[in-house]
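Enquirer: For reference, the structure I am asking about is given below.
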6 protein chains.
Amino acid sequence: MAEESRYAKGLMKLAEVDGKAGEEVVAPLGDLGRYIVEFAFGDIYSRDTLSLREREIATIAMLTVLGGREPQLRVHMGAGLNVGLTPEEIEEIIIQTVPYAGFPTAINAMHVLKSHQFPEG
Amino acid sequence: MAEESRYAKGLMKLAEVDGKAGEEVVAPLGDLGRYIVEFAFGDIYSRDTLSLREREIATIAMLTVLGGREPQLRVHMGAGLNVGLTPEEIEEIIIQTVPYAGFPTAINAMHVLKSHQFPEG
Amino acid sequence: MAEESRYAKGLMKLAEVDGKAGEEVVAPLGDLGRYIVEFAFGDIYSRDTLSLREREIATIAMLTVLGGREPQLRVHMGAGLNVGLTPEEIEEIIIQTVPYAGFPTAINAMHVLKSHQFPEG
Amino acid sequence: MAEESRYAKGLMKLAEVDGKAGEEVVAPLGDLGRYIVEFAFGDIYSRDTLSLREREIATIAMLTVLGGREPQLRVHMGAGLNVGLTPEEIEEIIIQTVPYAGFPTAINAMHVLKSHQFPEG
Amino acid sequence: MAEESRYAKGLMKLAEVDGKAGEEVVAPLGDLGRYIVEFAFGDIYSRDTLSLREREIATIAMLTVLGGREPQLRVHMGAGLNVGLTPEEIEEIIIQTVPYAGFPTAINAMHVLKSHQFPEG
Amino acid sequence: MAEESRYAKGLMKLAEVDGKAGEEVVAPLGDLGRYIVEFAFGDIYSRDTLSLREREIATIAMLTVLGGREPQLRVHMGAGLNVGLTPEEIEEIIIQTVPYAGFPTAINAMHVLKSHQFPEG
């Protein structure tokens with residue numbers, strides 16, 4: 001597959017997963033943004049075997065426990081809603097992180113979730 | 001709910017999720033093992049909203065990216081199989097961690113997966 | 001011990017350790033806040049063997065070196081004062097973290113300490 | 001204070017805290033070992049305000065939650081015993097880490113503790 | 001070498017590396033700031049074998065991947081420019097971190113770089 | 001650029017950087033290994049602006065401070081030698097990590113370095 005088509009494929013997948021928020025993340029990032037489109041979305045998110053919903057469950061959990069990734073967590077909570085997670089399920093993912101990484105990162109993630117503007121409630 | 005029933009409930013959930021491997025983890029750990037049973041399994045894993053399969057997707061991803069948790073990763077790969085994940089899906093979870101935490105922790109997790117003795121294949 | 005009494009016990013311990021700041025942390029957090037009360041305070045902080053002062057020495061050190069936990073660090077610096085630590089001792093805990101996690105997380109913790117409003121000086 | 005005296009002071013403090021295990025750690029490390037003696041022990045551990053017992057409470061908690069520092073954790077569990085902690089208190093420090101960093105790092109630390117050869121029980 | 005000369009030597013090295021930004025970091029930090037001058041700059045940055053440019057390549061990479069060290073990253077991007085790195089080279093260091101720690105910490109570092117006021121463009 | 005040529009380009013770069021050790025790392029890793037070749041080496045290491053020597057300075061520093069990446073650290077110490085670093089310079093990179101991440105990860109990295117079999121001394 002040519003690079004152009006990896007980029008195009010990644011851009012479509014990014015829009016499917018993150019909506020406009022994804023474009024806003026990558027636009028000002030130059031080559032780094034291009035690799036996010038080509039590699040993260042054109043290569044990885046475009047794979048089969050796990051659904052987008054399952055990929056976002058993993059991603060929200062990872063971003064929560066690693067800590068200090070609140071801007072990315074905000075984007076991926078929106079992405080989670082786009083691919084079929086409910087706010088209650090996102091809250092549940094955060095609760096699932098507690099036995100593995102403790103309360104502080106879960107509290108920080110919960111504040112990101114509570115401050116999120118959900119489309120209609 | 002009384003503590004005794006939280007412990008009993010947790011022990012049943014632990015067996016459902018981890019099989020014998022779970023018992024072997026908690027047995028030598030004293031009070032720490034008791035909290036794993038009561039809190040991690042009696043409280044958290046016993047909740048609704050996410051399936052056990054989805055909880056293990058999150059858990060395998062978290063343990064991979066945090067690094068240095070190989071013994072727990074080994075137990076939860078077995079747990080993942082118990083609750084319906086295939087080896088291919090576990091490999092896919094590891095691949096999904098790469099954009100969020102890079103290759104080294106994914107390589108370490110893949111070696112844990114490759115060295116795992118799967119029941120019949 | 002029934003869950004109700006774990007919650008009640010945890011709430012009393014939380015007030016003893018964190019004062020009002022603790023209540024403000026857990027109130028908006030739903031089930032996550034309930035687990036903080038029941039498990040972190042009802043189970044763990046209510047144990048013997050270490051004093052509350054010693055538990056906060058460990059906690060301030062942990063929150064400093066893990067990084068990205070500044071909101072929790074602020075709460076536990078207040079908690080440290082509540083259970084008998086002086087501002088000088090909290091500064092000393094931060095200095096003790098340097099050989100184990102380097103200067104950046106210690107600097108961040110020191111700024112949290114310096115910006116803390118101490119009751120009367 | 002001249003460097004020679006910082007080194008000499010650090011070496012005495014290292015022996016007081018870690019016993020022979022400390023010397024064995026620094027001996028093969030060249031300049032890195034010298035900085036451990038001069039800075040970690042000559043400067044930091046030689047300060048007042050916190051007791052050596054309190055410094056080891058902080059250190060064991062930090063090394064536990066950071067993960068992947070098992071060799072240092074082993075040395076500092078021995079150090080903790082040297083400066084007055086009991087095995088039960090070290091176990092309690094590990095339990096205190098759970099609300100802040102979850103079960104996996106606590107389990108790993110507990111295995112280090114359980115495999116430790118204590119002088120006479 | 002006497003402590004006074006370590007401090008003086010460190011202060012000169014700090015000015016060489018960080019310019020005024022370095023002084024502003026250490027001034028309000030008390031003994032912690034003194035150790036930054038004496039140990040980080042008087043001892044470590046004053047060593048031979050690697051150039052200051054190479055030390056800042058390592059430092060910017062480390063601060064990026066550890067996450068949550070944005071204030072220090074900002075100071076060391078300025079330091080990198082002081083010792084001969086170009087903004088393009090700093091961007092390249094950030095891109096080099098992606099295979100080792102993933103996109104989120106690289107994105108956060110890139111935002112610090114993009115918001116940096118460079119002396120003349 | 002077509003995928004085939006990214007893979008071919010990455011494989012050449014991998015051989016240039018890591019020698020045989022690189023091939024041994026990626027061979028058993030399936031798609032994960034393919035992404036290491038295509039993305040890490042075909043895309044990132046093949047870029048200009050920083051030399052391979054400078055990229056390995058950054059990489060050895062990152063792998064040291066993140067902790068728990070000892071297998072990758074071993075490979076990249078060999079890679080560092082391949083692209084022109086001396087054992088003394090690698091030791092110096094490890095020493096440079098101390099102010100940013102403390103002694104334990106530096107000690108672990110130093111043990112990896114000391115156990116490394118260097119070609120002829």
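By convention here, the chains of the structure tokens are called A, B, ... in the order presented, each chain's residues are numbered starting at 1, and ligands are numbered starting at 1 in the order presented.
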Using only C-alpha atoms, which residues sit within 8 Å of range 97-99 of chain E once same-chain residues fewer than 6 positions away are excluded, as a tab-separated table (two decimals) with all heavy atoms, in the first residue's frame?

Expert:
```tsv
chain	number	residue	atom	x	y	z
B	98	VAL	N	0.62	-0.05	21.28
B	98	VAL	CA	1.82	0.57	20.72
B	98	VAL	C	1.68	2.09	20.52
B	98	VAL	O	2.56	2.85	20.92
B	98	VAL	CB	2.26	-0.13	19.41
B	98	VAL	CG1	3.43	0.62	18.77
B	98	VAL	CG2	2.68	-1.56	19.69
B	99	PRO	N	0.58	2.58	19.91
B	99	PRO	CA	0.50	4.05	19.76
B	99	PRO	C	0.47	4.81	21.08
B	99	PRO	O	0.74	6.00	21.11
B	99	PRO	CB	-0.82	4.25	19.00
B	99	PRO	CG	-1.11	2.94	18.33
B	99	PRO	CD	-0.55	1.89	19.26
B	102	GLY	N	4.32	2.82	23.09
B	102	GLY	CA	5.53	2.44	22.36
B	102	GLY	C	5.77	0.95	22.28
B	102	GLY	O	4.99	0.13	22.79
B	103	PHE	N	6.88	0.58	21.63
B	103	PHE	CA	7.17	-0.83	21.36
B	103	PHE	C	7.73	-1.61	22.56
B	103	PHE	O	7.40	-2.80	22.69
B	103	PHE	CB	8.15	-0.96	20.18
B	103	PHE	CG	7.54	-0.60	18.86
B	103	PHE	CD1	7.85	0.59	18.22
B	103	PHE	CD2	6.62	-1.46	18.25
B	103	PHE	CE1	7.27	0.92	17.00
B	103	PHE	CE2	6.04	-1.13	17.03
B	103	PHE	CZ	6.36	0.06	16.40
E	61	ALA	N	14.58	14.16	25.79
E	61	ALA	CA	13.94	12.86	25.54
E	61	ALA	C	13.38	12.26	26.83
E	61	ALA	O	12.24	11.80	26.88
E	61	ALA	CB	14.94	11.90	24.90
E	64	THR	N	10.34	14.19	28.16
E	64	THR	CA	9.17	13.92	27.31
E	64	THR	C	8.50	12.61	27.70
E	64	THR	O	7.30	12.56	27.96
E	64	THR	CB	9.57	13.88	25.83
E	64	THR	OG1	10.03	15.19	25.44
E	64	THR	CG2	8.40	13.48	24.94
E	65	VAL	N	9.28	11.53	27.77
E	65	VAL	CA	8.66	10.21	27.95
E	65	VAL	C	8.18	9.96	29.37
E	65	VAL	O	7.27	9.15	29.58
E	65	VAL	CB	9.59	9.06	27.51
E	65	VAL	CG1	9.95	9.21	26.03
E	65	VAL	CG2	10.85	8.95	28.37
E	106	ALA	N	4.54	12.54	23.38
E	106	ALA	CA	5.14	13.32	22.29
E	106	ALA	C	4.26	14.51	21.93
E	106	ALA	O	4.76	15.61	21.68
E	106	ALA	CB	5.37	12.43	21.07
F	39	PHE	N	7.79	1.11	10.89
F	39	PHE	CA	7.55	2.42	11.51
F	39	PHE	C	8.79	2.92	12.27
F	39	PHE	O	9.32	4.00	11.99
F	39	PHE	CB	6.33	2.36	12.44
F	39	PHE	CG	6.07	3.67	13.14
F	39	PHE	CD1	5.74	4.81	12.41
F	39	PHE	CD2	6.17	3.78	14.53
F	39	PHE	CE1	5.52	6.03	13.05
F	39	PHE	CE2	5.95	4.99	15.17
F	39	PHE	CZ	5.62	6.11	14.43
F	40	ALA	N	9.27	2.12	13.24
F	40	ALA	CA	10.38	2.59	14.06
F	40	ALA	C	11.63	2.82	13.20
F	40	ALA	O	12.30	3.85	13.32
F	40	ALA	CB	10.68	1.62	15.20
F	58	ALA	N	19.54	9.52	22.94
F	58	ALA	CA	18.17	9.74	23.43
F	58	ALA	C	17.53	8.42	23.86
F	58	ALA	O	16.88	8.33	24.91
F	58	ALA	CB	17.33	10.42	22.36
F	59	THR	N	17.72	7.39	23.05
F	59	THR	CA	17.03	6.12	23.29
F	59	THR	C	17.55	5.43	24.55
F	59	THR	O	16.76	4.91	25.35
F	59	THR	CB	17.19	5.20	22.06
F	59	THR	OG1	16.62	5.86	20.93
F	59	THR	CG2	16.51	3.85	22.27
F	62	MET	N	16.12	7.27	27.48
F	62	MET	CA	14.69	6.98	27.67
F	62	MET	C	14.47	5.60	28.27
F	62	MET	O	13.68	5.43	29.20
F	62	MET	CB	13.96	7.01	26.33
F	62	MET	CG	13.75	8.36	25.74
F	62	MET	SD	12.67	8.27	24.26
F	62	MET	CE	13.87	7.99	22.96
```

Enquirer: What's the 10 Å shell around Pro87 in chain C, counting only C-alpha atoms, without same-chain residues fewer than 2 positions away, as number ranges by chain?

Expert: C: 77-78, 80-81, 84-85, 89-93, 113-114, 116, 118, 121

Enquirer: I'd like a table as JSON lines: residues in chain B with an atom no more than 10 Å from chain D, each row giving the shortest atom pair and its distance in Å to one decimal, only C-alpha atoms counted, sorted by chain and rising residue number.

Expert:
```
{"residue": "B:Val25", "atom": "CA", "partner": "D:Ile107", "partner_atom": "CA", "distance": 8.7}
{"residue": "B:Val26", "atom": "CA", "partner": "D:Ile107", "partner_atom": "CA", "distance": 9.0}
{"residue": "B:Pro28", "atom": "CA", "partner": "D:Lys114", "partner_atom": "CA", "distance": 8.9}
{"residue": "B:Leu29", "atom": "CA", "partner": "D:Met110", "partner_atom": "CA", "distance": 7.2}
{"residue": "B:Gly30", "atom": "CA", "partner": "D:Glu91", "partner_atom": "CA", "distance": 9.6}
{"residue": "B:Asp31", "atom": "CA", "partner": "D:Ile95", "partner_atom": "CA", "distance": 8.2}
{"residue": "B:Leu32", "atom": "CA", "partner": "D:Ile95", "partner_atom": "CA", "distance": 6.4}
{"residue": "B:Gly33", "atom": "CA", "partner": "D:Ile107", "partner_atom": "CA", "distance": 8.5}
{"residue": "B:Tyr35", "atom": "CA", "partner": "D:Phe103", "partner_atom": "CA", "distance": 9.0}
{"residue": "B:Ile36", "atom": "CA", "partner": "D:Phe103", "partner_atom": "CA", "distance": 7.3}
{"residue": "B:Ala40", "atom": "CA", "partner": "D:Phe103", "partner_atom": "CA", "distance": 8.7}
{"residue": "B:Leu63", "atom": "CA", "partner": "D:Pro104", "partner_atom": "CA", "distance": 8.5}
{"residue": "B:Leu66", "atom": "CA", "partner": "D:Gly67", "partner_atom": "CA", "distance": 8.8}
{"residue": "B:Gly67", "atom": "CA", "partner": "D:Gly68", "partner_atom": "CA", "distance": 7.8}
{"residue": "B:Gly68", "atom": "CA", "partner": "D:Gly68", "partner_atom": "CA", "distance": 5.2}
{"residue": "B:Arg69", "atom": "CA", "partner": "D:Pro104", "partner_atom": "CA", "distance": 6.4}
{"residue": "B:Glu70", "atom": "CA", "partner": "D:Pro104", "partner_atom": "CA", "distance": 9.4}
{"residue": "B:Pro71", "atom": "CA", "partner": "D:Asn108", "partner_atom": "CA", "distance": 8.4}
{"residue": "B:Gln72", "atom": "CA", "partner": "D:Pro104", "partner_atom": "CA", "distance": 6.5}
{"residue": "B:Leu73", "atom": "CA", "partner": "D:Pro104", "partner_atom": "CA", "distance": 9.4}
```

Enquirer: Output all heavy atoms of each residue in that selection to a file, as a short mmCIF file (atom, residue, chain, number, x, y, z; two decimals), in the first residue's frame.

Expert:
```
data_model
loop_
_atom_site.label_atom_id
_atom_site.label_comp_id
_atom_site.auth_asym_id
_atom_site.auth_seq_id
_atom_site.Cartn_x
_atom_site.Cartn_y
_atom_site.Cartn_z
N VAL B 25 -2.28 -17.00 43.29
CA VAL B 25 -1.75 -15.65 43.50
C VAL B 25 -2.08 -15.15 44.90
O VAL B 25 -1.22 -14.62 45.60
CB VAL B 25 -2.31 -14.66 42.44
CG1 VAL B 25 -2.02 -13.21 42.82
CG2 VAL B 25 -1.73 -14.98 41.06
N VAL B 26 -3.33 -15.33 45.34
CA VAL B 26 -3.74 -14.69 46.59
C VAL B 26 -3.36 -15.49 47.84
O VAL B 26 -3.18 -14.92 48.92
CB VAL B 26 -5.25 -14.39 46.61
CG1 VAL B 26 -5.62 -13.47 45.44
CG2 VAL B 26 -6.09 -15.65 46.60
N PRO B 28 -0.66 -16.93 49.21
CA PRO B 28 0.47 -16.61 50.09
C PRO B 28 0.55 -15.15 50.51
O PRO B 28 1.53 -14.74 51.11
CB PRO B 28 1.69 -16.97 49.22
CG PRO B 28 1.23 -16.79 47.82
CD PRO B 28 -0.24 -17.02 47.80
N LEU B 29 -0.47 -14.35 50.23
CA LEU B 29 -0.32 -12.89 50.38
C LEU B 29 -0.98 -12.31 51.63
O LEU B 29 -0.99 -11.10 51.81
CB LEU B 29 -0.88 -12.19 49.13
CG LEU B 29 -0.09 -12.44 47.84
CD1 LEU B 29 -0.82 -11.81 46.65
CD2 LEU B 29 1.32 -11.87 47.95
N GLY B 30 -1.53 -13.17 52.48
CA GLY B 30 -2.09 -12.66 53.74
C GLY B 30 -3.20 -11.64 53.51
O GLY B 30 -4.05 -11.83 52.63
N ASP B 31 -3.18 -10.56 54.30
CA ASP B 31 -4.23 -9.54 54.18
C ASP B 31 -4.27 -8.93 52.79
O ASP B 31 -5.35 -8.57 52.30
CB ASP B 31 -3.99 -8.42 55.20
CG ASP B 31 -4.44 -8.82 56.60
OD1 ASP B 31 -4.93 -9.96 56.77
OD2 ASP B 31 -4.32 -8.00 57.52
N LEU B 32 -3.12 -8.79 52.16
CA LEU B 32 -3.10 -8.25 50.79
C LEU B 32 -3.93 -9.15 49.87
O LEU B 32 -4.73 -8.66 49.04
CB LEU B 32 -1.66 -8.14 50.27
CG LEU B 32 -1.49 -7.59 48.85
CD1 LEU B 32 -2.00 -6.16 48.73
CD2 LEU B 32 -0.02 -7.67 48.43
N GLY B 33 -3.76 -10.45 50.00
CA GLY B 33 -4.55 -11.39 49.20
C GLY B 33 -6.03 -11.29 49.52
O GLY B 33 -6.88 -11.39 48.63
N TYR B 35 -7.64 -8.60 50.45
CA TYR B 35 -8.18 -7.40 49.78
C TYR B 35 -8.35 -7.63 48.28
O TYR B 35 -9.26 -7.07 47.67
CB TYR B 35 -7.28 -6.19 50.03
CG TYR B 35 -7.28 -5.73 51.47
CD1 TYR B 35 -6.09 -5.52 52.16
CD2 TYR B 35 -8.47 -5.49 52.14
CE1 TYR B 35 -6.07 -5.10 53.48
CE2 TYR B 35 -8.48 -5.06 53.47
CZ TYR B 35 -7.27 -4.87 54.13
OH TYR B 35 -7.28 -4.45 55.44
N ILE B 36 -7.46 -8.40 47.68
CA ILE B 36 -7.63 -8.71 46.25
C ILE B 36 -8.95 -9.44 46.05
O ILE B 36 -9.72 -9.13 45.14
CB ILE B 36 -6.44 -9.56 45.74
CG1 ILE B 36 -5.15 -8.73 45.77
CG2 ILE B 36 -6.71 -10.09 44.32
CD1 ILE B 36 -3.88 -9.51 45.46
N ALA B 40 -10.96 -6.24 44.76
CA ALA B 40 -10.80 -6.34 43.30
C ALA B 40 -11.87 -7.25 42.69
O ALA B 40 -12.49 -6.90 41.69
CB ALA B 40 -9.40 -6.85 42.95
N LEU B 63 -1.90 -3.55 32.14
CA LEU B 63 -0.71 -4.24 32.67
C LEU B 63 0.43 -4.18 31.66
O LEU B 63 1.60 -4.09 32.04
CB LEU B 63 -1.05 -5.68 33.02
CG LEU B 63 -1.99 -5.85 34.23
CD1 LEU B 63 -2.40 -7.31 34.37
CD2 LEU B 63 -1.33 -5.36 35.52
N LEU B 66 1.88 -0.35 31.74
CA LEU B 66 2.51 0.09 32.98
C LEU B 66 3.92 -0.49 33.11
O LEU B 66 4.77 0.09 33.77
CB LEU B 66 1.65 -0.30 34.19
CG LEU B 66 0.39 0.54 34.36
CD1 LEU B 66 -0.54 -0.07 35.41
CD2 LEU B 66 0.73 1.98 34.76
N GLY B 67 4.17 -1.62 32.48
CA GLY B 67 5.50 -2.21 32.52
C GLY B 67 5.84 -2.84 33.86
O GLY B 67 5.29 -2.47 34.90
N GLY B 68 6.75 -3.82 33.86
CA GLY B 68 7.19 -4.42 35.11
C GLY B 68 6.14 -5.22 35.85
O GLY B 68 6.31 -5.56 37.02
N ARG B 69 5.00 -5.51 35.19
CA ARG B 69 3.93 -6.30 35.82
C ARG B 69 3.77 -7.63 35.08
O ARG B 69 2.65 -8.12 34.91
CB ARG B 69 2.58 -5.54 35.74
CG ARG B 69 2.32 -4.53 36.86
CD ARG B 69 2.87 -3.17 36.54
NE ARG B 69 2.34 -2.12 37.42
CZ ARG B 69 2.98 -0.99 37.61
NH1 ARG B 69 4.15 -0.74 37.03
NH2 ARG B 69 2.46 -0.06 38.40
N GLU B 70 4.87 -8.23 34.64
CA GLU B 70 4.79 -9.45 33.84
C GLU B 70 4.10 -10.59 34.59
O GLU B 70 3.31 -11.32 33.96
CB GLU B 70 6.18 -9.87 33.35
CG GLU B 70 6.68 -9.04 32.18
CD GLU B 70 7.21 -7.65 32.59
OE1 GLU B 70 7.36 -7.42 33.81
OE2 GLU B 70 7.48 -6.83 31.70
N PRO B 71 4.35 -10.80 35.89
CA PRO B 71 3.65 -11.91 36.54
C PRO B 71 2.12 -11.74 36.50
O PRO B 71 1.39 -12.71 36.28
CB PRO B 71 4.16 -11.87 38.00
CG PRO B 71 5.47 -11.13 37.93
CD PRO B 71 5.32 -10.15 36.80
N GLN B 72 1.66 -10.51 36.70
CA GLN B 72 0.21 -10.26 36.66
C GLN B 72 -0.31 -10.36 35.23
O GLN B 72 -1.44 -10.78 35.00
CB GLN B 72 -0.10 -8.88 37.25
CG GLN B 72 0.14 -8.78 38.76
CD GLN B 72 1.61 -8.65 39.12
OE1 GLN B 72 2.37 -7.98 38.42
NE2 GLN B 72 2.03 -9.26 40.21
N LEU B 73 0.50 -9.96 34.28
CA LEU B 73 0.11 -10.05 32.87
C LEU B 73 -0.10 -11.52 32.49
O LEU B 73 -1.05 -11.87 31.79
CB LEU B 73 1.22 -9.43 32.02
CG LEU B 73 0.93 -9.03 30.59
CD1 LEU B 73 -0.34 -8.22 30.45
CD2 LEU B 73 2.12 -8.22 30.05
#
```

Enquirer: Work out how far CA of Asn82 in chain A is from CA of Val17 in chain A, in Å to one decimal.

Expert: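 Computing it gives 6.3 Å between the two atoms.
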
Enquirer: Among the residues of range 16-57 of chain E, find those DSSP assigns to alpha helix (DSSP H) from the backbone and print them as a PyMOL selection string.

Expert: chain E and resi 16-18+20-26+30-35+52-57
